[in-house]
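Structure first, commentary second.
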Amino acid sequence: MSAQSELQLPTAMRVHPELVPVFEALAQRSSDPYEDIGATRARLHKLLASLPADRTGVRSERFEVPRADGSALMVEVYRPEDGAGTGSEGAGRALPAVLHFHGGGFAVGRSLPGQDRTALALCRELPAIVVTVEYRLAPEHRYPAGVEDCYRALEWTAERAAELGIDPARIALAGKSAGGGLSAAVTLMARDRGGPAVLHQSLCIPDLDDRVGAEEGAAAADVAEDARVTTRRSVQRAWRHYLPEGTGAADAYAAAARATDLSGLPPASVLVCDLDPMRDAGLAYARRLMDAGVPVTVRNVPGAWHGFELFAPDSRVAREMAAYWTGQLRAALYPVVA
């Protein structure tokens with residue numbers, strides 16, 4: 001066994017058995033994706049263009065949402081093709097809505113128009129009208145640009161609910177990674193500003209705390225420094241791009257874990273991955289929500305790293321994770337009435 005293999009052994013031993021071949025095949029990252037954001041975005045665009053999404057049963061329409069300064073925020077509304085939720089007279093029942101905020105470290109991750117795989121899946125499987133938000137990205141647009149865009153999209157969705165065929169009493173926020181962090185932050189903003197009612201916040205592997213990686217000794221230390229996956233250092237780099245230059249500490253709308261009062265928030269589902277450097281922050285936030293009297297369900301995916309499902313989408317572990325995440329949203333948006 002080589003010296004390098006010996007160093008990697010603790011990580012490999014913790015990886016879920018089904019995921020070990022995938023983990024071992026991961027390439028070492030040759031460069032920091034935040035060193036050249038433009039190149040990283042271009043690679044993602046090329047990859048997405050080569051793998052068109054399945055739009056079966058779903059149609060979408062793009063809208064420009066005016067910001068306070070007169071500029072336009074682009075959103076895309078995905079809806080089932082069966083006519084439900086079109087908002088036209090006699091077209092069918094109003095549907096619940098999910099605002100989906102994409103991940104990508106606040107700097108990348110935007111899907112091609114009409115190609116958001118998560119939105120398409122949720123639209124079909126829940127079913128629901130899904131609004132995806134092309135929020136401004138760092139580092140060109142640092143905090144609070146992105147989260148303010150997401151909040152504006154929530155306002156617009158609630159304002160246009162009747163026209164869009166949305167039940168305004170059933171609007172959920174959902175996102176993975178940075179999108180999960182934005183979901184938590186927008187939920188806080190809606191409470192504090194007296195904004196639209198949010199029925200549920202779905203936080204999947206959420207990026208909630210700018211302090212992750214700032215100190216040594218994280219519980220998942222052996223995997224959190226493996227260059228094949230998201231590390232504590234890469235989490236810190238993302239936050240340095242997102243927060244305004246010279247910022248000493250984030251506020252609650254940048255990093256929801258900084259919020260001192262979590263009372264009065266809507267129910268939440270929190271999903272974390274066992275070998276994710278953001279795991280402990282996610283679990284701590286879930287516990288604080290519970291302590292504040294907020295109904296919370298929590299799930300940890302054992303032996304999985306941050307974003308593993310992108311590399312092993314057909315694995316049982318990934319399918320179970322997706323089923324849980326979707327199931328929690330469905331239970332919130334379609335409550336059983338006794």
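Letters A, B, ... mark the chains of the structure tokens in the order given; residue numbers begin at 1 per chain; ligand numbers begin at 1, in order shown.
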
Write out as a ChimeraX atom specification which residues come within 12 Å of stretch 306-311 of chain A when counting only C-alpha atoms, dropping same-chain ones fewer than 5 positions away.
/A:15-16,18-27,103-105,117-118,176-178,204-207,220,223-224,226,228-232,234-235,271-279,300-301,316-322

Dump C-alpha atoms for the selected residues as a short mmCIF file (atom, residue, chain, number, x, y, z; two decimals), in the first residue's frame?
```cif
data_model
loop_
_atom_site.label_atom_id
_atom_site.label_comp_id
_atom_site.auth_asym_id
_atom_site.auth_seq_id
_atom_site.Cartn_x
_atom_site.Cartn_y
_atom_site.Cartn_z
CA VAL A 15 -17.62 6.04 2.95
CA HIS A 16 -20.85 4.07 2.47
CA GLU A 18 -22.14 1.32 -2.11
CA LEU A 19 -20.32 4.60 -2.74
CA VAL A 20 -16.72 3.41 -2.26
CA PRO A 21 -16.09 2.67 -5.99
CA VAL A 22 -17.47 6.10 -6.91
CA PHE A 23 -15.40 7.81 -4.25
CA GLU A 24 -12.21 6.04 -5.25
CA ALA A 25 -12.76 7.02 -8.89
CA LEU A 26 -13.06 10.71 -8.08
CA ALA A 27 -10.21 12.74 -9.50
CA GLY A 103 -26.70 25.64 -5.07
CA GLY A 104 -23.16 26.37 -6.20
CA GLY A 105 -21.39 28.23 -3.42
CA ARG A 117 -33.50 19.02 -13.23
CA THR A 118 -34.60 19.55 -9.65
CA LYS A 176 -29.44 22.40 -1.74
CA SER A 177 -26.14 23.65 -0.36
CA ALA A 178 -26.02 27.43 -0.91
CA CYS A 204 -30.90 20.00 1.91
CA ILE A 205 -27.18 19.83 2.78
CA PRO A 206 -27.53 23.54 3.63
CA ASP A 207 -24.71 26.08 3.75
CA ALA A 220 -15.69 15.03 9.85
CA VAL A 223 -13.00 13.63 4.70
CA ALA A 224 -13.33 17.39 5.02
CA ASP A 226 -9.80 15.21 1.02
CA ARG A 228 -11.66 14.98 -4.11
CA VAL A 229 -14.69 16.44 -2.32
CA THR A 230 -15.93 19.67 -0.78
CA THR A 231 -13.53 20.67 1.98
CA ARG A 232 -13.63 23.09 4.87
CA SER A 234 -13.43 25.37 -0.13
CA VAL A 235 -16.41 26.30 2.05
CA LEU A 271 -31.00 16.80 5.45
CA VAL A 272 -27.25 16.49 5.93
CA CYS A 273 -24.54 14.16 4.69
CA ASP A 274 -22.30 12.35 7.15
CA LEU A 275 -18.98 13.31 5.54
CA ASP A 276 -19.89 16.90 4.71
CA PRO A 277 -17.95 19.70 6.44
CA MET A 278 -21.30 21.55 6.71
CA ARG A 279 -22.98 18.64 8.50
CA ASN A 300 -28.35 12.22 8.03
CA VAL A 301 -27.14 10.27 4.99
CA ARG A 316 -29.66 3.35 -3.73
CA VAL A 317 -28.29 5.91 -1.28
CA ALA A 318 -28.96 8.78 -3.71
CA ARG A 319 -32.43 7.50 -4.59
CA GLU A 320 -33.36 7.20 -0.92
CA MET A 321 -32.05 10.71 -0.26
CA ALA A 322 -34.12 12.13 -3.12
#
```

Close residues, A:Ala252 itself excluded, 10 Å, only C-alpha atoms, min 2 positions apart in chain, as a list in words:
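Skipping anything fewer than 2 positions along the chain leaves Ala184, Ala185, Leu188, Met189, Leu208, Asp209, Ala249, Ala250, Ala254, Ala255, Ala256, Ala257, Arg258, Ala259, Thr260 and Asp261 of chain A.
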
I need the residue nearest A:Leu122 from this list: A:Leu329, A:Leu44, A:Val336, A:Ala268. Use only C-alpha atoms for the distance.
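Among the listed residues, A:Leu329 lies closest to A:Leu122.
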
Need the shell around A:Glu125: protein/DNA/RNA residues with any atom at most 12 Å away, counting only C-alpha atoms. Skip same-chain ones fewer than 3 positions apart. Format as number ranges by chain?
A: 56-58, 79-80, 118-122, 128-130, 322-323, 325-327, 329-330

From stretch 78-175 of chain A, collect each residue whose DSSP state is strand (DSSP E) and return the set as a tab-separated table (two decimals) with C-alpha atoms, in the first residue's frame.
```
chain	number	residue	atom	x	y	z
A	78	TYR	CA	-42.33	25.12	-14.23
A	79	ARG	CA	-45.81	23.61	-14.25
A	80	PRO	CA	-47.39	20.24	-15.07
A	95	LEU	CA	-51.35	23.88	-6.98
A	96	PRO	CA	-48.84	24.41	-4.21
A	97	ALA	CA	-45.63	26.18	-5.13
A	98	VAL	CA	-41.98	25.54	-4.43
A	99	LEU	CA	-39.41	28.29	-4.83
A	100	HIS	CA	-36.21	26.49	-5.71
A	101	PHE	CA	-32.88	28.23	-5.08
A	129	ILE	CA	-45.58	24.71	-9.61
A	130	VAL	CA	-41.86	25.29	-9.18
A	131	VAL	CA	-40.30	28.73	-9.48
A	132	THR	CA	-36.56	28.80	-10.09
A	133	VAL	CA	-34.66	31.99	-9.36
A	166	ILE	CA	-50.80	28.84	-7.10
A	167	ASP	CA	-52.44	28.27	-3.75
A	168	PRO	CA	-50.90	31.14	-1.72
A	169	ALA	CA	-51.33	29.20	1.52
A	170	ARG	CA	-49.01	26.45	0.23
A	171	ILE	CA	-45.69	28.02	-0.73
A	172	ALA	CA	-42.48	26.26	0.29
A	173	LEU	CA	-38.84	27.24	-0.06
A	174	ALA	CA	-36.27	24.63	-1.03
A	175	GLY	CA	-32.63	24.39	-1.98
```

If we count only C-alpha atoms, what is near A:Glu148 at a cut-off of 9 Å, once residues fewer than 4 positions away on the same chain are taken out, given as a compact mmCIF listing (two decimals) with all heavy atoms, in the first residue's frame?
```
# COMPACT_ATOMS: atom_id res chain seq x y z
N TYR A 135 -30.84 34.20 -9.28
CA TYR A 135 -30.33 35.26 -8.41
C TYR A 135 -28.91 35.67 -8.82
O TYR A 135 -28.16 34.89 -9.42
CB TYR A 135 -30.37 34.82 -6.95
CG TYR A 135 -29.58 33.57 -6.60
CD1 TYR A 135 -28.23 33.62 -6.31
CD2 TYR A 135 -30.21 32.32 -6.56
CE1 TYR A 135 -27.52 32.47 -5.97
CE2 TYR A 135 -29.51 31.16 -6.23
CZ TYR A 135 -28.16 31.26 -5.94
OH TYR A 135 -27.45 30.11 -5.61
N TYR A 143 -23.15 39.57 -1.26
CA TYR A 143 -24.27 39.74 -0.33
C TYR A 143 -24.50 41.23 -0.09
O TYR A 143 -23.55 41.99 0.06
CB TYR A 143 -23.93 39.03 0.99
CG TYR A 143 -24.92 39.32 2.10
CD1 TYR A 143 -26.15 38.66 2.13
CD2 TYR A 143 -24.65 40.27 3.09
CE1 TYR A 143 -27.07 38.94 3.13
CE2 TYR A 143 -25.56 40.55 4.08
CZ TYR A 143 -26.77 39.89 4.09
OH TYR A 143 -27.68 40.17 5.07
N PRO A 144 -25.78 41.69 -0.08
CA PRO A 144 -27.03 40.90 -0.03
C PRO A 144 -27.73 40.70 -1.37
O PRO A 144 -28.93 40.39 -1.37
CB PRO A 144 -27.88 41.75 0.90
CG PRO A 144 -27.52 43.16 0.51
CD PRO A 144 -26.04 43.11 0.22
N ARG A 152 -37.24 38.75 -3.25
CA ARG A 152 -38.11 39.42 -4.24
C ARG A 152 -38.90 38.40 -5.04
O ARG A 152 -40.08 38.62 -5.36
CB ARG A 152 -37.25 40.28 -5.17
CG ARG A 152 -38.06 40.99 -6.25
CD ARG A 152 -38.94 42.08 -5.66
NE ARG A 152 -39.88 42.60 -6.64
CZ ARG A 152 -41.18 42.31 -6.65
NH1 ARG A 152 -41.72 41.52 -5.72
NH2 ARG A 152 -41.98 42.84 -7.57
N ALA A 153 -38.28 37.27 -5.37
CA ALA A 153 -38.99 36.22 -6.09
C ALA A 153 -40.14 35.65 -5.26
O ALA A 153 -41.20 35.33 -5.80
CB ALA A 153 -38.02 35.10 -6.48
N VAL A 186 -34.18 33.46 3.54
CA VAL A 186 -35.41 34.08 3.05
C VAL A 186 -36.56 33.81 4.01
O VAL A 186 -37.44 34.67 4.20
CB VAL A 186 -35.72 33.59 1.62
CG1 VAL A 186 -37.09 34.08 1.16
CG2 VAL A 186 -34.65 34.06 0.65
```

Need to verify the contact set: A:Pro33, 10 Å, only C-alpha atoms, exclusion of same-chain residues closer than 5 positions in sequence. Can you return it as a list in words?
Gly38, Ala39, Thr40, Arg41, Ala107, Val108, Ser234, Arg237 and Ala238 of chain A

Run DSSP on the backbone of this structure and report the residues of stretch 65-307 of chain A it assigns to helix (DSSP H, G or I), as an MDAnalysis selection string.
chainID A and resid 117:125 145:159 161:164 178:192 221:224 232:242 256:258 279:291

Limited to C-alpha atoms, could you put the picked residues into a file as a compact mmCIF listing (two decimals), in the first residue's frame?
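See part37.txt below for the written result:
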```txt
# COMPACT_ATOMS: atom_id res chain seq x y z
CA ARG A 117 -33.50 19.02 -13.23
CA THR A 118 -34.60 19.55 -9.65
CA ALA A 119 -37.47 21.80 -10.70
CA LEU A 120 -38.59 19.34 -13.36
CA ALA A 121 -38.54 16.42 -10.93
CA LEU A 122 -40.41 18.29 -8.19
CA CYS A 123 -42.97 19.59 -10.66
CA ARG A 124 -43.78 16.06 -11.84
CA GLU A 125 -43.48 14.16 -8.59
CA ALA A 145 -27.71 40.84 -3.79
CA GLY A 146 -28.43 37.11 -4.06
CA VAL A 147 -30.65 36.74 -1.03
CA GLU A 148 -32.56 39.94 -1.83
CA ASP A 149 -33.27 38.51 -5.29
CA CYS A 150 -34.60 35.33 -3.70
CA TYR A 151 -36.83 37.31 -1.34
CA ARG A 152 -38.11 39.42 -4.24
CA ALA A 153 -38.99 36.22 -6.09
CA LEU A 154 -41.02 35.08 -3.08
CA GLU A 155 -42.90 38.39 -3.04
CA TRP A 156 -43.58 38.17 -6.77
CA THR A 157 -44.80 34.58 -6.52
CA ALA A 158 -47.24 35.47 -3.74
CA GLU A 159 -48.42 38.60 -5.58
CA ALA A 161 -50.42 33.51 -7.11
CA ALA A 162 -53.89 33.71 -8.66
CA GLU A 163 -52.52 34.38 -12.14
CA LEU A 164 -49.99 31.56 -11.84
CA ALA A 178 -26.02 27.43 -0.91
CA GLY A 179 -29.65 27.14 -2.02
CA GLY A 180 -30.50 25.62 1.35
CA GLY A 181 -28.77 28.51 3.07
CA LEU A 182 -30.73 30.98 0.95
CA SER A 183 -33.98 29.16 1.78
CA ALA A 184 -33.30 29.52 5.51
CA ALA A 185 -32.33 33.18 5.12
CA VAL A 186 -35.41 34.08 3.05
CA THR A 187 -37.60 32.35 5.62
CA LEU A 188 -36.11 34.62 8.29
CA MET A 189 -36.60 37.69 6.09
CA ALA A 190 -40.25 36.82 5.44
CA ARG A 191 -40.88 36.53 9.18
CA ASP A 192 -39.03 39.72 10.08
CA ALA A 221 -12.07 16.18 9.60
CA ASP A 222 -10.67 13.23 7.66
CA VAL A 223 -13.00 13.63 4.70
CA ALA A 224 -13.33 17.39 5.02
CA ARG A 232 -13.63 23.09 4.87
CA ARG A 233 -11.20 25.26 2.94
CA SER A 234 -13.43 25.37 -0.13
CA VAL A 235 -16.41 26.30 2.05
CA GLN A 236 -14.39 29.21 3.42
CA ARG A 237 -13.40 30.32 -0.10
CA ALA A 238 -17.06 30.39 -1.12
CA TRP A 239 -17.95 32.58 1.83
CA ARG A 240 -15.07 34.94 1.06
CA HIS A 241 -16.52 35.39 -2.43
CA TYR A 242 -20.08 35.87 -1.18
CA ALA A 256 -28.92 31.87 8.99
CA ALA A 257 -26.93 30.15 11.74
CA ARG A 258 -26.08 33.65 12.97
CA ARG A 279 -22.98 18.64 8.50
CA ASP A 280 -22.54 19.85 12.07
CA ALA A 281 -23.77 23.36 11.28
CA GLY A 282 -26.89 21.87 9.70
CA LEU A 283 -27.58 19.64 12.68
CA ALA A 284 -26.97 22.50 15.10
CA TYR A 285 -29.44 24.69 13.21
CA ALA A 286 -32.04 21.92 13.27
CA ARG A 287 -31.59 21.55 17.03
CA ARG A 288 -31.95 25.30 17.57
CA LEU A 289 -35.14 25.30 15.49
CA MET A 290 -36.49 22.51 17.70
CA ASP A 291 -35.54 24.42 20.84
```
